[in-house]
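Shown here: upload-v2.cif, mmCIF, C-alpha atoms.
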```
data_final
loop_
_atom_site.group_PDB
_atom_site.id
_atom_site.type_symbol
_atom_site.label_atom_id
_atom_site.label_comp_id
_atom_site.auth_asym_id
_atom_site.auth_seq_id
_atom_site.Cartn_x
_atom_site.Cartn_y
_atom_site.Cartn_z
ATOM 1 C CA MET A 27 -49.356 10.097 14.102
ATOM 2 C CA THR A 28 -52.777 8.487 13.708
ATOM 3 C CA ARG A 29 -55.259 8.502 16.583
ATOM 4 C CA SER A 30 -54.992 4.744 17.067
ATOM 5 C CA ARG A 31 -51.200 4.777 17.005
ATOM 6 C CA GLY A 32 -51.245 7.590 19.581
ATOM 7 C CA ARG A 33 -53.561 5.496 21.742
ATOM 8 C CA TRP A 34 -51.318 2.412 21.832
ATOM 9 C CA LEU A 35 -48.295 4.627 22.456
ATOM 10 C CA GLY A 36 -50.202 6.041 25.429
ATOM 11 C CA PHE A 37 -50.792 2.530 26.784
ATOM 12 C CA VAL A 38 -47.081 1.712 26.387
ATOM 13 C CA LEU A 39 -46.095 4.865 28.279
ATOM 14 C CA ILE A 40 -48.607 4.118 31.057
ATOM 15 C CA GLY A 41 -47.256 0.558 31.339
ATOM 16 C CA LEU A 42 -43.669 1.780 31.532
ATOM 17 C CA GLY A 43 -44.677 4.366 34.135
ATOM 18 C CA VAL A 44 -46.292 1.687 36.302
ATOM 19 C CA ILE A 45 -43.209 -0.533 36.026
ATOM 20 C CA PHE A 46 -40.842 2.304 37.023
ATOM 21 C CA LEU A 47 -43.157 3.385 39.859
ATOM 22 C CA LEU A 48 -43.279 -0.148 41.293
ATOM 23 C CA ASP A 49 -39.496 -0.367 40.980
ATOM 24 C CA SER A 50 -38.887 2.962 42.711
ATOM 25 C CA THR A 51 -41.200 2.067 45.628
ATOM 26 C CA GLY A 52 -39.501 -1.292 46.070
ATOM 27 C CA ALA A 53 -42.722 -3.229 45.453
ATOM 28 C CA LEU A 54 -41.091 -5.094 42.544
ATOM 29 C CA GLU A 55 -37.479 -5.179 41.345
ATOM 30 C CA PHE A 56 -37.187 -4.143 37.696
ATOM 31 C CA GLY A 57 -34.024 -2.047 37.971
ATOM 32 C CA ASP A 58 -31.543 -4.749 36.989
ATOM 33 C CA ILE A 59 -33.673 -5.832 34.017
ATOM 34 C CA VAL A 60 -34.028 -2.256 32.743
ATOM 35 C CA ARG A 61 -30.306 -1.497 33.209
ATOM 36 C CA THR A 62 -29.326 -4.705 31.410
ATOM 37 C CA TYR A 63 -31.757 -4.762 28.501
ATOM 38 C CA TRP A 64 -32.464 -1.108 27.613
ATOM 39 C CA PRO A 65 -30.238 -1.379 24.505
ATOM 40 C CA LEU A 66 -32.780 -3.871 23.134
ATOM 41 C CA LEU A 67 -35.099 -0.904 22.531
ATOM 42 C CA LEU A 68 -32.454 0.638 20.271
ATOM 43 C CA VAL A 69 -32.072 -2.633 18.380
ATOM 44 C CA LEU A 70 -35.842 -2.895 17.834
ATOM 45 C CA TRP A 71 -36.049 0.734 16.744
ATOM 46 C CA GLY A 72 -33.177 0.152 14.290
ATOM 47 C CA LEU A 73 -34.910 -2.896 12.818
ATOM 48 C CA TRP A 74 -38.069 -0.877 12.333
ATOM 49 C CA VAL A 75 -36.154 1.910 10.536
ATOM 50 C CA LEU A 76 -34.338 -0.570 8.266
ATOM 51 C CA THR A 77 -37.475 -2.413 7.230
ATOM 52 C CA ARG A 78 -39.653 0.639 6.505
ATOM 53 C CA GLY A 79 -41.482 0.649 3.211
ATOM 54 C CA ARG A 80 -44.624 -0.773 1.677
ATOM 55 C CA ARG A 81 -44.929 -4.284 0.293
ATOM 56 C CA SER A 82 -47.747 -5.812 -1.683
ATOM 57 C CA ALA A 83 -48.475 -9.222 -3.139
ATOM 58 C CA ALA A 84 -49.161 -9.850 -6.807
ATOM 59 C CA PRO A 85 -52.629 -11.189 -7.677
ATOM 60 C CA GLY A 86 -52.841 -14.924 -7.013
ATOM 61 C CA GLN A 87 -49.999 -14.847 -4.501
ATOM 62 C CA PRO A 88 -50.533 -15.482 -0.784
ATOM 63 C CA ALA A 89 -51.839 -12.337 0.886
ATOM 64 C CA GLY A 90 -49.510 -10.212 2.924
ATOM 65 C CA PRO A 91 -45.809 -10.128 3.462
ATOM 66 C CA PRO A 92 -43.990 -13.213 4.636
ATOM 67 C CA PRO A 93 -43.913 -13.466 8.421
ATOM 68 C CA GLY A 94 -41.219 -11.325 9.952
ATOM 69 C CA VAL A 95 -40.367 -7.737 10.793
ATOM 70 C CA HIS A 96 -41.839 -5.162 8.419
ATOM 71 C CA ALA A 97 -42.920 -1.560 8.254
ATOM 72 C CA ASP A 98 -46.415 -0.701 7.060
ATOM 73 C CA ALA A 99 -47.606 -3.380 4.619
ATOM 74 C CA SER A 100 -50.573 -3.827 2.330
ATOM 75 C CA ALA A 101 -51.652 -6.675 0.088
ATOM 76 C CA THR A 102 -54.443 -7.779 -2.192
ATOM 77 C CA SER A 103 -55.098 -11.480 -2.597
ATOM 78 C CA ALA A 104 -57.302 -13.576 -4.842
ATOM 79 C CA GLY A 105 -56.374 -16.684 -2.825
ATOM 80 C CA GLU A 106 -58.909 -18.745 -0.897
ATOM 81 C CA SER A 107 -56.986 -18.651 2.386
ATOM 82 C CA LEU A 108 -55.087 -15.975 4.256
ATOM 83 C CA GLN A 109 -51.840 -16.198 6.250
ATOM 84 C CA SER A 110 -50.373 -12.810 7.069
ATOM 85 C CA SER A 111 -48.415 -11.202 9.904
ATOM 86 C CA ASN A 112 -46.519 -8.032 10.718
ATOM 87 C CA VAL A 113 -44.373 -7.028 13.682
ATOM 88 C CA PHE A 114 -43.820 -3.267 13.245
ATOM 89 C CA GLY A 115 -46.283 -1.121 11.332
ATOM 90 C CA ASP A 116 -49.814 -1.277 10.055
ATOM 91 C CA LEU A 117 -51.116 -4.191 7.986
ATOM 92 C CA GLU A 118 -53.900 -3.954 5.399
ATOM 93 C CA VAL A 119 -55.134 -7.054 3.575
ATOM 94 C CA ARG A 120 -57.829 -7.046 0.886
ATOM 95 C CA VAL A 121 -59.253 -10.406 -0.205
ATOM 96 C CA THR A 122 -61.029 -10.610 -3.576
ATOM 97 C CA SER A 123 -61.624 -14.372 -3.750
ATOM 98 C CA PRO A 124 -65.293 -15.339 -4.309
ATOM 99 C CA SER A 125 -64.665 -18.522 -2.263
ATOM 100 C CA PHE A 126 -62.716 -17.401 0.825
ATOM 101 C CA ARG A 127 -61.987 -20.214 3.318
ATOM 102 C CA GLY A 128 -60.476 -18.330 6.272
ATOM 103 C CA GLY A 129 -56.977 -18.075 7.726
ATOM 104 C CA THR A 130 -54.967 -16.058 10.249
ATOM 105 C CA VAL A 131 -53.752 -12.469 10.479
ATOM 106 C CA SER A 132 -51.560 -11.185 13.310
ATOM 107 C CA THR A 133 -49.747 -7.994 14.283
ATOM 108 C CA VAL A 134 -47.615 -6.882 17.204
ATOM 109 C CA PHE A 135 -47.168 -3.086 16.879
ATOM 110 C CA GLY A 136 -49.655 -1.542 14.449
ATOM 111 C CA ASP A 137 -53.209 -1.465 13.200
ATOM 112 C CA VAL A 138 -54.696 -4.239 11.071
ATOM 113 C CA VAL A 139 -57.446 -3.982 8.457
ATOM 114 C CA VAL A 140 -58.847 -7.125 6.804
ATOM 115 C CA ASP A 141 -61.223 -6.262 3.957
ATOM 116 C CA LEU A 142 -63.270 -9.225 2.724
ATOM 117 C CA SER A 143 -65.960 -7.050 1.101
ATOM 118 C CA PRO A 144 -64.822 -7.488 -2.538
ATOM 119 C CA GLY A 145 -65.074 -11.292 -2.287
ATOM 120 C CA GLY A 146 -67.349 -13.964 -0.874
ATOM 121 C CA LEU A 147 -67.317 -17.180 1.135
ATOM 122 C CA ALA A 148 -66.949 -20.772 -0.045
ATOM 123 C CA GLU A 149 -69.608 -23.331 0.871
ATOM 124 C CA GLY A 150 -69.248 -24.721 4.408
ATOM 125 C CA ASP A 151 -67.852 -23.530 7.745
ATOM 126 C CA HIS A 152 -64.666 -21.458 7.730
ATOM 127 C CA HIS A 153 -62.534 -19.852 10.452
ATOM 128 C CA LEU A 154 -60.670 -16.538 10.473
ATOM 129 C CA THR A 155 -58.434 -15.496 13.382
ATOM 130 C CA VAL A 156 -57.260 -11.884 13.712
ATOM 131 C CA SER A 157 -55.011 -11.025 16.661
ATOM 132 C CA GLY A 158 -52.738 -8.239 17.781
ATOM 133 C CA VAL A 159 -50.993 -6.668 20.737
ATOM 134 C CA PHE A 160 -50.773 -2.870 20.227
ATOM 135 C CA GLY A 161 -53.133 -1.266 17.694
ATOM 136 C CA ASP A 162 -56.663 -1.330 16.372
ATOM 137 C CA ALA A 163 -58.239 -4.151 14.359
ATOM 138 C CA ARG A 164 -60.907 -3.744 11.689
ATOM 139 C CA LEU A 165 -62.688 -6.450 9.727
ATOM 140 C CA ILE A 166 -64.943 -5.615 6.787
ATOM 141 C CA ALA A 167 -67.063 -8.683 5.993
ATOM 142 C CA PRO A 168 -68.752 -9.462 2.675
ATOM 143 C CA ARG A 169 -72.219 -7.883 2.568
ATOM 144 C CA GLY A 170 -74.856 -10.317 3.801
ATOM 145 C CA ALA A 171 -72.327 -12.910 4.999
ATOM 146 C CA ALA A 172 -73.310 -15.335 7.778
ATOM 147 C CA LEU A 173 -70.932 -14.460 10.631
ATOM 148 C CA GLU A 174 -70.249 -15.713 14.129
ATOM 149 C CA VAL A 175 -67.901 -13.245 15.827
ATOM 150 C CA THR A 176 -66.055 -13.664 19.111
ATOM 151 C CA ALA A 177 -64.204 -10.449 19.990
ATOM 152 C CA HIS A 178 -62.053 -9.533 23.002
ATOM 153 C CA THR A 179 -59.829 -6.619 23.960
ATOM 154 C CA LEU A 180 -58.058 -5.970 27.227
ATOM 155 C CA ALA A 181 -57.983 -2.186 26.838
ATOM 156 C CA GLY A 182 -60.188 -0.757 24.109
ATOM 157 C CA ASP A 183 -63.668 -0.598 22.645
ATOM 158 C CA LEU A 184 -65.591 -3.206 20.645
ATOM 159 C CA SER A 185 -67.993 -2.551 17.782
ATOM 160 C CA VAL A 186 -69.402 -5.622 16.018
ATOM 161 C CA LEU A 187 -72.053 -4.707 13.452
ATOM 162 C CA ASP A 188 -74.806 -3.184 15.651
ATOM 163 C CA GLN A 189 -73.325 -4.239 19.039
ATOM 164 C CA THR A 190 -70.837 -2.195 21.088
ATOM 165 C CA ARG A 191 -68.927 -2.650 24.340
ATOM 166 C CA GLU A 192 -66.619 -0.253 26.160
ATOM 167 C CA GLY A 193 -64.344 -0.589 29.140
ATOM 168 C CA PHE A 194 -61.512 -2.735 30.397
ATOM 169 C CA SER A 195 -61.251 -6.409 29.396
ATOM 170 C CA VAL A 196 -64.418 -6.478 27.312
ATOM 171 C CA SER A 197 -65.735 -9.355 25.218
ATOM 172 C CA LEU A 198 -68.563 -9.751 22.760
ATOM 173 C CA GLN A 199 -70.119 -12.696 20.952
ATOM 174 C CA TYR A 200 -72.396 -12.095 17.988
ATOM 175 C CA LYS A 201 -74.166 -14.136 15.308
ATOM 176 C CA THR A 202 -75.840 -12.636 12.284
ATOM 177 C CA PRO A 203 -79.506 -13.532 11.813
ATOM 178 C CA GLY A 204 -79.869 -16.840 9.940
ATOM 179 C CA PHE A 205 -76.332 -17.974 10.788
ATOM 180 C CA GLU A 206 -77.390 -21.457 11.919
ATOM 181 C CA THR A 207 -79.139 -22.290 8.619
ATOM 182 C CA ALA A 208 -76.664 -20.626 6.231
ATOM 183 C CA THR A 209 -74.627 -22.823 3.868
ATOM 184 C CA LYS A 210 -71.661 -20.392 3.804
ATOM 185 C CA ARG A 211 -70.516 -19.457 7.324
ATOM 186 C CA LEU A 212 -67.505 -17.622 8.711
ATOM 187 C CA HIS A 213 -66.440 -18.016 12.360
ATOM 188 C CA VAL A 214 -64.325 -14.998 13.335
ATOM 189 C CA ALA A 215 -62.117 -14.845 16.446
ATOM 190 C CA ILE A 216 -60.692 -11.347 16.768
ATOM 191 C CA SER A 217 -58.626 -10.157 19.725
ATOM 192 C CA GLN A 218 -56.371 -7.267 20.659
ATOM 193 C CA VAL A 219 -54.510 -6.623 23.880
ATOM 194 C CA PHE A 220 -54.388 -2.816 23.602
ATOM 195 C CA GLY A 221 -56.685 -1.425 20.929
ATOM 196 C CA ASP A 222 -60.170 -1.081 19.526
ATOM 197 C CA ILE A 223 -61.929 -3.731 17.444
ATOM 198 C CA ARG A 224 -64.456 -2.944 14.733
ATOM 199 C CA VAL A 225 -66.360 -5.434 12.568
ATOM 200 C CA SER A 226 -68.593 -4.120 9.797
ATOM 201 C CA ALA A 227 -70.192 -5.312 6.572
#
```

As C-alpha cells, how would this structure be written, given the file I've shared?
Amino acid sequence: MTRSRGRWLGFVLIGLGVIFLLDSTGALEFGDIVRTYWPLLLVLWGLWVLTRGRRSAAPGQPAGPPPGVHADASATSAGESLQSSNVFGDLEVRVTSPSFRGGTVSTVFGDVVVDLSPGGLAEGDHHLTVSGVFGDARLIAPRGAALEVTAHTLAGDLSVLDQTREGFSVSLQYKTPGFETATKRLHVAISQVFGDIRVSA
C-alpha cells in the first residue's frame, strides 16, 4: 500500500470511528442507516475488483479512460484538451500537446498525477481543474509556464512551486512571476478533500 493510499484509508477509518462514536453516545442516529446500507460497501468493493486493470489511450485519442468506475488507469494524450475521471484507483495522465488548452480531471478514491511537462501551452488564457475526494494530487507544469494556481485541501498539505501550507482546511493562491504579461497562461484550480496537493515544474 502506498503512503498516500494509507493516509486516505486512515482518514476514512477516523471518519467511520467518529460516526459510530456519535451513534453510540446518542448524539446522532446513524444506526438505521448503517444497518440498512452496509451491503453497499460490498457492492462497491465488488465493482472495484471487477474493473481492476490498467487502461491507456492511443496517441491522438482523448486522454484518460471514459468516465466511470475503473481501477488504476494511465493515459498519454497528444490532444489539446483534457477530460478524464476515475472512481476507484489511481489516475495518471501525461499530455504531450505543444498547444494545451486546459480541461478537467477528477478522482474519487485514488491519487491523480497530471504531467504537462512534455508539452506546452497554446496562446491565450486556459483553465485546468483537478479535483478529488480521497488521495493525493500532483500537477507537473511545463517548464517556464505562466501559472496562476488556486489550491485547497480540507485535510492535507499543499506545495505549490516554492510555497507550502500545512494544517486543516488550507488554501493557497500563487502566480508565477510575469504571469500578467505572458501570452500563454494557465489558470489551475486544484482541490482535494482528503489528501496532499503538489504542483511543480

I would like the residues chosen by the PyMOL selection byres ((chain A and resi 219) around 9) on the shown file; could you give them as a PDB file with C-alpha atoms, in the frame of the given file?
```
ATOM      1  CA  SER A 157     -55.011 -11.025  16.661  1.00  0.00           C
ATOM      2  CA  GLY A 158     -52.738  -8.239  17.781  1.00  0.00           C
ATOM      3  CA  VAL A 159     -50.993  -6.668  20.737  1.00  0.00           C
ATOM      4  CA  PHE A 160     -50.773  -2.870  20.227  1.00  0.00           C
ATOM      5  CA  GLY A 161     -53.133  -1.266  17.694  1.00  0.00           C
ATOM      6  CA  HIS A 178     -62.053  -9.533  23.002  1.00  0.00           C
ATOM      7  CA  THR A 179     -59.829  -6.619  23.960  1.00  0.00           C
ATOM      8  CA  LEU A 180     -58.058  -5.970  27.227  1.00  0.00           C
ATOM      9  CA  ALA A 181     -57.983  -2.186  26.838  1.00  0.00           C
ATOM     10  CA  GLY A 182     -60.188  -0.757  24.109  1.00  0.00           C
ATOM     11  CA  SER A 195     -61.251  -6.409  29.396  1.00  0.00           C
ATOM     12  CA  SER A 217     -58.626 -10.157  19.725  1.00  0.00           C
ATOM     13  CA  GLN A 218     -56.371  -7.267  20.659  1.00  0.00           C
ATOM     14  CA  PHE A 220     -54.388  -2.816  23.602  1.00  0.00           C
ATOM     15  CA  GLY A 221     -56.685  -1.425  20.929  1.00  0.00           C
TER      16      GLY A 221
END
```

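CA of Ser100 (chain A) lies 20.9 Å from CA of Ser125 (chain A).
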
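The residue that comes closest to Arg211 (chain A), out of A:Asp116, A:Val156, A:Arg127, A:Ser107 and on the basis of all atoms listed in the file, is A:Arg127.
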
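Applied to the shown file, the PyMOL selection byres ((chain A and resi 202) around 9) selects the residues Gly170, Ala171, Ala172, Leu173, Glu174, Val175, Leu187, Tyr200, Lys201, Pro203, Gly204, Phe205 and Glu206 of chain A.
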
Subject >> CA of Asn112 (chain A) to CA of Arg169 (chain A), straight-line distance in Å >> reply: 27.0 Å

What would region 166-213 of chain A look like if you wrote it out as a PDB file, in the first residue's frame, with N, CA and C atoms included, from the block I just posted?
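What ended up in part25.pdb:
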```
ATOM      1  N   ILE A 166       2.414  18.465 -12.737  1.00  0.00           N
ATOM      2  CA  ILE A 166       3.740  18.832 -13.218  1.00  0.00           C
ATOM      3  C   ILE A 166       3.525  19.734 -14.424  1.00  0.00           C
ATOM      4  N   ALA A 167       3.836  21.016 -14.270  1.00  0.00           N
ATOM      5  CA  ALA A 167       3.589  22.013 -15.313  1.00  0.00           C
ATOM      6  C   ALA A 167       4.756  22.054 -16.301  1.00  0.00           C
ATOM      7  N   PRO A 168       4.503  22.553 -17.515  1.00  0.00           N
ATOM      8  CA  PRO A 168       5.613  22.747 -18.450  1.00  0.00           C
ATOM      9  C   PRO A 168       6.624  23.732 -17.847  1.00  0.00           C
ATOM     10  N   ARG A 169       7.901  23.465 -18.064  1.00  0.00           N
ATOM     11  CA  ARG A 169       8.948  24.335 -17.515  1.00  0.00           C
ATOM     12  C   ARG A 169       8.783  25.756 -18.046  1.00  0.00           C
ATOM     13  N   GLY A 170       8.789  26.722 -17.133  1.00  0.00           N
ATOM     14  CA  GLY A 170       8.696  28.121 -17.513  1.00  0.00           C
ATOM     15  C   GLY A 170       7.291  28.598 -17.849  1.00  0.00           C
ATOM     16  N   ALA A 171       6.282  27.774 -17.627  1.00  0.00           N
ATOM     17  CA  ALA A 171       4.907  28.163 -17.962  1.00  0.00           C
ATOM     18  C   ALA A 171       4.406  29.257 -17.015  1.00  0.00           C
ATOM     19  N   ALA A 172       3.560  30.144 -17.546  1.00  0.00           N
ATOM     20  CA  ALA A 172       2.914  31.178 -16.734  1.00  0.00           C
ATOM     21  C   ALA A 172       1.693  30.555 -16.069  1.00  0.00           C
ATOM     22  N   LEU A 173       1.729  30.432 -14.741  1.00  0.00           N
ATOM     23  CA  LEU A 173       0.681  29.737 -13.994  1.00  0.00           C
ATOM     24  C   LEU A 173       0.038  30.646 -12.951  1.00  0.00           C
ATOM     25  N   GLU A 174      -1.273  30.493 -12.809  1.00  0.00           N
ATOM     26  CA  GLU A 174      -1.999  31.026 -11.666  1.00  0.00           C
ATOM     27  C   GLU A 174      -2.669  29.822 -11.018  1.00  0.00           C
ATOM     28  N   VAL A 175      -2.279  29.511  -9.781  1.00  0.00           N
ATOM     29  CA  VAL A 175      -2.748  28.305  -9.111  1.00  0.00           C
ATOM     30  C   VAL A 175      -3.580  28.680  -7.898  1.00  0.00           C
ATOM     31  N   THR A 176      -4.768  28.087  -7.815  1.00  0.00           N
ATOM     32  CA  THR A 176      -5.601  28.166  -6.620  1.00  0.00           C
ATOM     33  C   THR A 176      -5.740  26.738  -6.109  1.00  0.00           C
ATOM     34  N   ALA A 177      -5.215  26.478  -4.904  1.00  0.00           N
ATOM     35  CA  ALA A 177      -5.216  25.121  -4.359  1.00  0.00           C
ATOM     36  C   ALA A 177      -5.906  25.102  -3.005  1.00  0.00           C
ATOM     37  N   HIS A 178      -6.648  24.022  -2.726  1.00  0.00           N
ATOM     38  CA  HIS A 178      -7.336  23.871  -1.447  1.00  0.00           C
ATOM     39  C   HIS A 178      -7.437  22.397  -1.092  1.00  0.00           C
ATOM     40  N   THR A 179      -7.181  22.096   0.183  1.00  0.00           N
ATOM     41  CA  THR A 179      -7.420  20.755   0.705  1.00  0.00           C
ATOM     42  C   THR A 179      -8.007  20.874   2.100  1.00  0.00           C
ATOM     43  N   LEU A 180      -8.953  20.018   2.398  1.00  0.00           N
ATOM     44  CA  LEU A 180      -9.556  20.023   3.727  1.00  0.00           C
ATOM     45  C   LEU A 180      -8.609  19.401   4.743  1.00  0.00           C
ATOM     46  N   ALA A 181      -8.030  18.260   4.405  1.00  0.00           N
ATOM     47  CA  ALA A 181      -7.107  17.575   5.303  1.00  0.00           C
ATOM     48  C   ALA A 181      -5.905  17.113   4.501  1.00  0.00           C
ATOM     49  N   GLY A 182      -4.826  17.881   4.557  1.00  0.00           N
ATOM     50  CA  GLY A 182      -3.620  17.537   3.824  1.00  0.00           C
ATOM     51  C   GLY A 182      -2.697  18.730   3.735  1.00  0.00           C
ATOM     52  N   ASP A 183      -1.592  18.544   3.038  1.00  0.00           N
ATOM     53  CA  ASP A 183      -0.589  19.585   2.875  1.00  0.00           C
ATOM     54  C   ASP A 183      -0.595  20.096   1.442  1.00  0.00           C
ATOM     55  N   LEU A 184      -0.189  21.361   1.278  1.00  0.00           N
ATOM     56  CA  LEU A 184      -0.086  21.986  -0.038  1.00  0.00           C
ATOM     57  C   LEU A 184       1.368  22.334  -0.331  1.00  0.00           C
ATOM     58  N   SER A 185       1.796  22.097  -1.553  1.00  0.00           N
ATOM     59  CA  SER A 185       3.110  22.519  -2.011  1.00  0.00           C
ATOM     60  C   SER A 185       2.945  22.997  -3.449  1.00  0.00           C
ATOM     61  N   VAL A 186       3.042  24.306  -3.656  1.00  0.00           N
ATOM     62  CA  VAL A 186       2.885  24.887  -4.990  1.00  0.00           C
ATOM     63  C   VAL A 186       4.171  25.631  -5.314  1.00  0.00           C
ATOM     64  N   LEU A 187       4.970  25.033  -6.190  1.00  0.00           N
ATOM     65  CA  LEU A 187       6.286  25.539  -6.559  1.00  0.00           C
ATOM     66  C   LEU A 187       7.087  25.821  -5.283  1.00  0.00           C
ATOM     67  N   ASP A 188       7.342  27.053  -4.909  1.00  0.00           N
ATOM     68  CA  ASP A 188       8.154  27.316  -3.715  1.00  0.00           C
ATOM     69  C   ASP A 188       7.315  27.698  -2.492  1.00  0.00           C
ATOM     70  N   GLN A 189       6.002  27.522  -2.549  1.00  0.00           N
ATOM     71  CA  GLN A 189       5.107  27.861  -1.434  1.00  0.00           C
ATOM     72  C   GLN A 189       4.538  26.587  -0.812  1.00  0.00           C
ATOM     73  N   THR A 190       4.438  26.560   0.520  1.00  0.00           N
ATOM     74  CA  THR A 190       3.859  25.397   1.199  1.00  0.00           C
ATOM     75  C   THR A 190       2.885  25.853   2.281  1.00  0.00           C
ATOM     76  N   ARG A 191       1.906  25.006   2.552  1.00  0.00           N
ATOM     77  CA  ARG A 191       0.954  25.223   3.640  1.00  0.00           C
ATOM     78  C   ARG A 191       0.650  23.854   4.248  1.00  0.00           C
ATOM     79  N   GLU A 192       0.486  23.840   5.565  1.00  0.00           N
ATOM     80  CA  GLU A 192       0.137  22.611   6.266  1.00  0.00           C
ATOM     81  C   GLU A 192      -1.020  22.889   7.205  1.00  0.00           C
ATOM     82  N   GLY A 193      -1.768  21.850   7.524  1.00  0.00           N
ATOM     83  CA  GLY A 193      -2.826  22.013   8.510  1.00  0.00           C
ATOM     84  C   GLY A 193      -4.154  21.489   8.016  1.00  0.00           C
ATOM     85  N   PHE A 194      -5.199  22.009   8.621  1.00  0.00           N
ATOM     86  CA  PHE A 194      -6.565  21.580   8.318  1.00  0.00           C
ATOM     87  C   PHE A 194      -7.263  22.691   7.539  1.00  0.00           C
ATOM     88  N   SER A 195      -7.886  22.362   6.445  1.00  0.00           N
ATOM     89  CA  SER A 195      -8.594  23.300   5.580  1.00  0.00           C
ATOM     90  C   SER A 195      -7.680  24.452   5.154  1.00  0.00           C
ATOM     91  N   VAL A 196      -6.638  24.079   4.408  1.00  0.00           N
ATOM     92  CA  VAL A 196      -5.657  25.069   3.962  1.00  0.00           C
ATOM     93  C   VAL A 196      -5.869  25.414   2.488  1.00  0.00           C
ATOM     94  N   SER A 197      -5.570  26.660   2.166  1.00  0.00           N
ATOM     95  CA  SER A 197      -5.686  27.153   0.792  1.00  0.00           C
ATOM     96  C   SER A 197      -4.423  27.913   0.434  1.00  0.00           C
ATOM     97  N   LEU A 198      -4.189  28.028  -0.863  1.00  0.00           N
ATOM     98  CA  LEU A 198      -3.022  28.756  -1.336  1.00  0.00           C
ATOM     99  C   LEU A 198      -3.318  29.297  -2.728  1.00  0.00           C
ATOM    100  N   GLN A 199      -2.956  30.546  -2.951  1.00  0.00           N
ATOM    101  CA  GLN A 199      -3.051  31.144  -4.280  1.00  0.00           C
ATOM    102  C   GLN A 199      -1.661  31.591  -4.684  1.00  0.00           C
ATOM    103  N   TYR A 200      -1.291  31.308  -5.937  1.00  0.00           N
ATOM    104  CA  TYR A 200       0.070  31.588  -6.375  1.00  0.00           C
ATOM    105  C   TYR A 200       0.066  31.965  -7.858  1.00  0.00           C
ATOM    106  N   LYS A 201       0.878  32.963  -8.191  1.00  0.00           N
ATOM    107  CA  LYS A 201       1.103  33.331  -9.596  1.00  0.00           C
ATOM    108  C   LYS A 201       2.596  33.319  -9.851  1.00  0.00           C
ATOM    109  N   THR A 202       2.993  32.739 -10.975  1.00  0.00           N
ATOM    110  CA  THR A 202       4.402  32.769 -11.327  1.00  0.00           C
ATOM    111  C   THR A 202       4.793  34.190 -11.721  1.00  0.00           C
ATOM    112  N   PRO A 203       6.049  34.553 -11.531  1.00  0.00           N
ATOM    113  CA  PRO A 203       6.493  35.886 -11.944  1.00  0.00           C
ATOM    114  C   PRO A 203       6.244  36.099 -13.444  1.00  0.00           C
ATOM    115  N   GLY A 204       5.746  37.274 -13.807  1.00  0.00           N
ATOM    116  CA  GLY A 204       5.469  37.588 -15.206  1.00  0.00           C
ATOM    117  C   GLY A 204       4.160  37.043 -15.732  1.00  0.00           C
ATOM    118  N   PHE A 205       3.320  36.487 -14.838  1.00  0.00           N
ATOM    119  CA  PHE A 205       2.054  35.901 -15.283  1.00  0.00           C
ATOM    120  C   PHE A 205       1.173  36.916 -16.004  1.00  0.00           C
ATOM    121  N   GLU A 206       1.055  38.109 -15.454  1.00  0.00           N
ATOM    122  CA  GLU A 206       0.139  39.117 -16.004  1.00  0.00           C
ATOM    123  C   GLU A 206       0.489  39.523 -17.433  1.00  0.00           C
ATOM    124  N   THR A 207       1.751  39.483 -17.806  1.00  0.00           N
ATOM    125  CA  THR A 207       2.162  39.934 -19.148  1.00  0.00           C
ATOM    126  C   THR A 207       2.394  38.788 -20.118  1.00  0.00           C
ATOM    127  N   ALA A 208       2.273  37.541 -19.655  1.00  0.00           N
ATOM    128  CA  ALA A 208       2.527  36.388 -20.522  1.00  0.00           C
ATOM    129  C   ALA A 208       1.425  36.240 -21.569  1.00  0.00           C
ATOM    130  N   THR A 209       1.767  35.717 -22.735  1.00  0.00           N
ATOM    131  CA  THR A 209       0.788  35.497 -23.800  1.00  0.00           C
ATOM    132  C   THR A 209       0.185  34.092 -23.747  1.00  0.00           C
ATOM    133  N   LYS A 210       0.840  33.179 -23.008  1.00  0.00           N
ATOM    134  CA  LYS A 210       0.335  31.817 -22.820  1.00  0.00           C
ATOM    135  C   LYS A 210       0.187  31.604 -21.320  1.00  0.00           C
ATOM    136  N   ARG A 211      -1.073  31.527 -20.835  1.00  0.00           N
ATOM    137  CA  ARG A 211      -1.312  31.452 -19.396  1.00  0.00           C
ATOM    138  C   ARG A 211      -2.244  30.292 -19.058  1.00  0.00           C
ATOM    139  N   LEU A 212      -1.934  29.633 -17.944  1.00  0.00           N
ATOM    140  CA  LEU A 212      -2.765  28.529 -17.471  1.00  0.00           C
ATOM    141  C   LEU A 212      -3.250  28.846 -16.062  1.00  0.00           C
ATOM    142  N   HIS A 213      -4.590  28.874 -15.899  1.00  0.00           N
ATOM    143  CA  HIS A 213      -5.233  29.062 -14.603  1.00  0.00           C
ATOM    144  C   HIS A 213      -5.563  27.659 -14.072  1.00  0.00           C
TER     145      HIS A 213
END
```
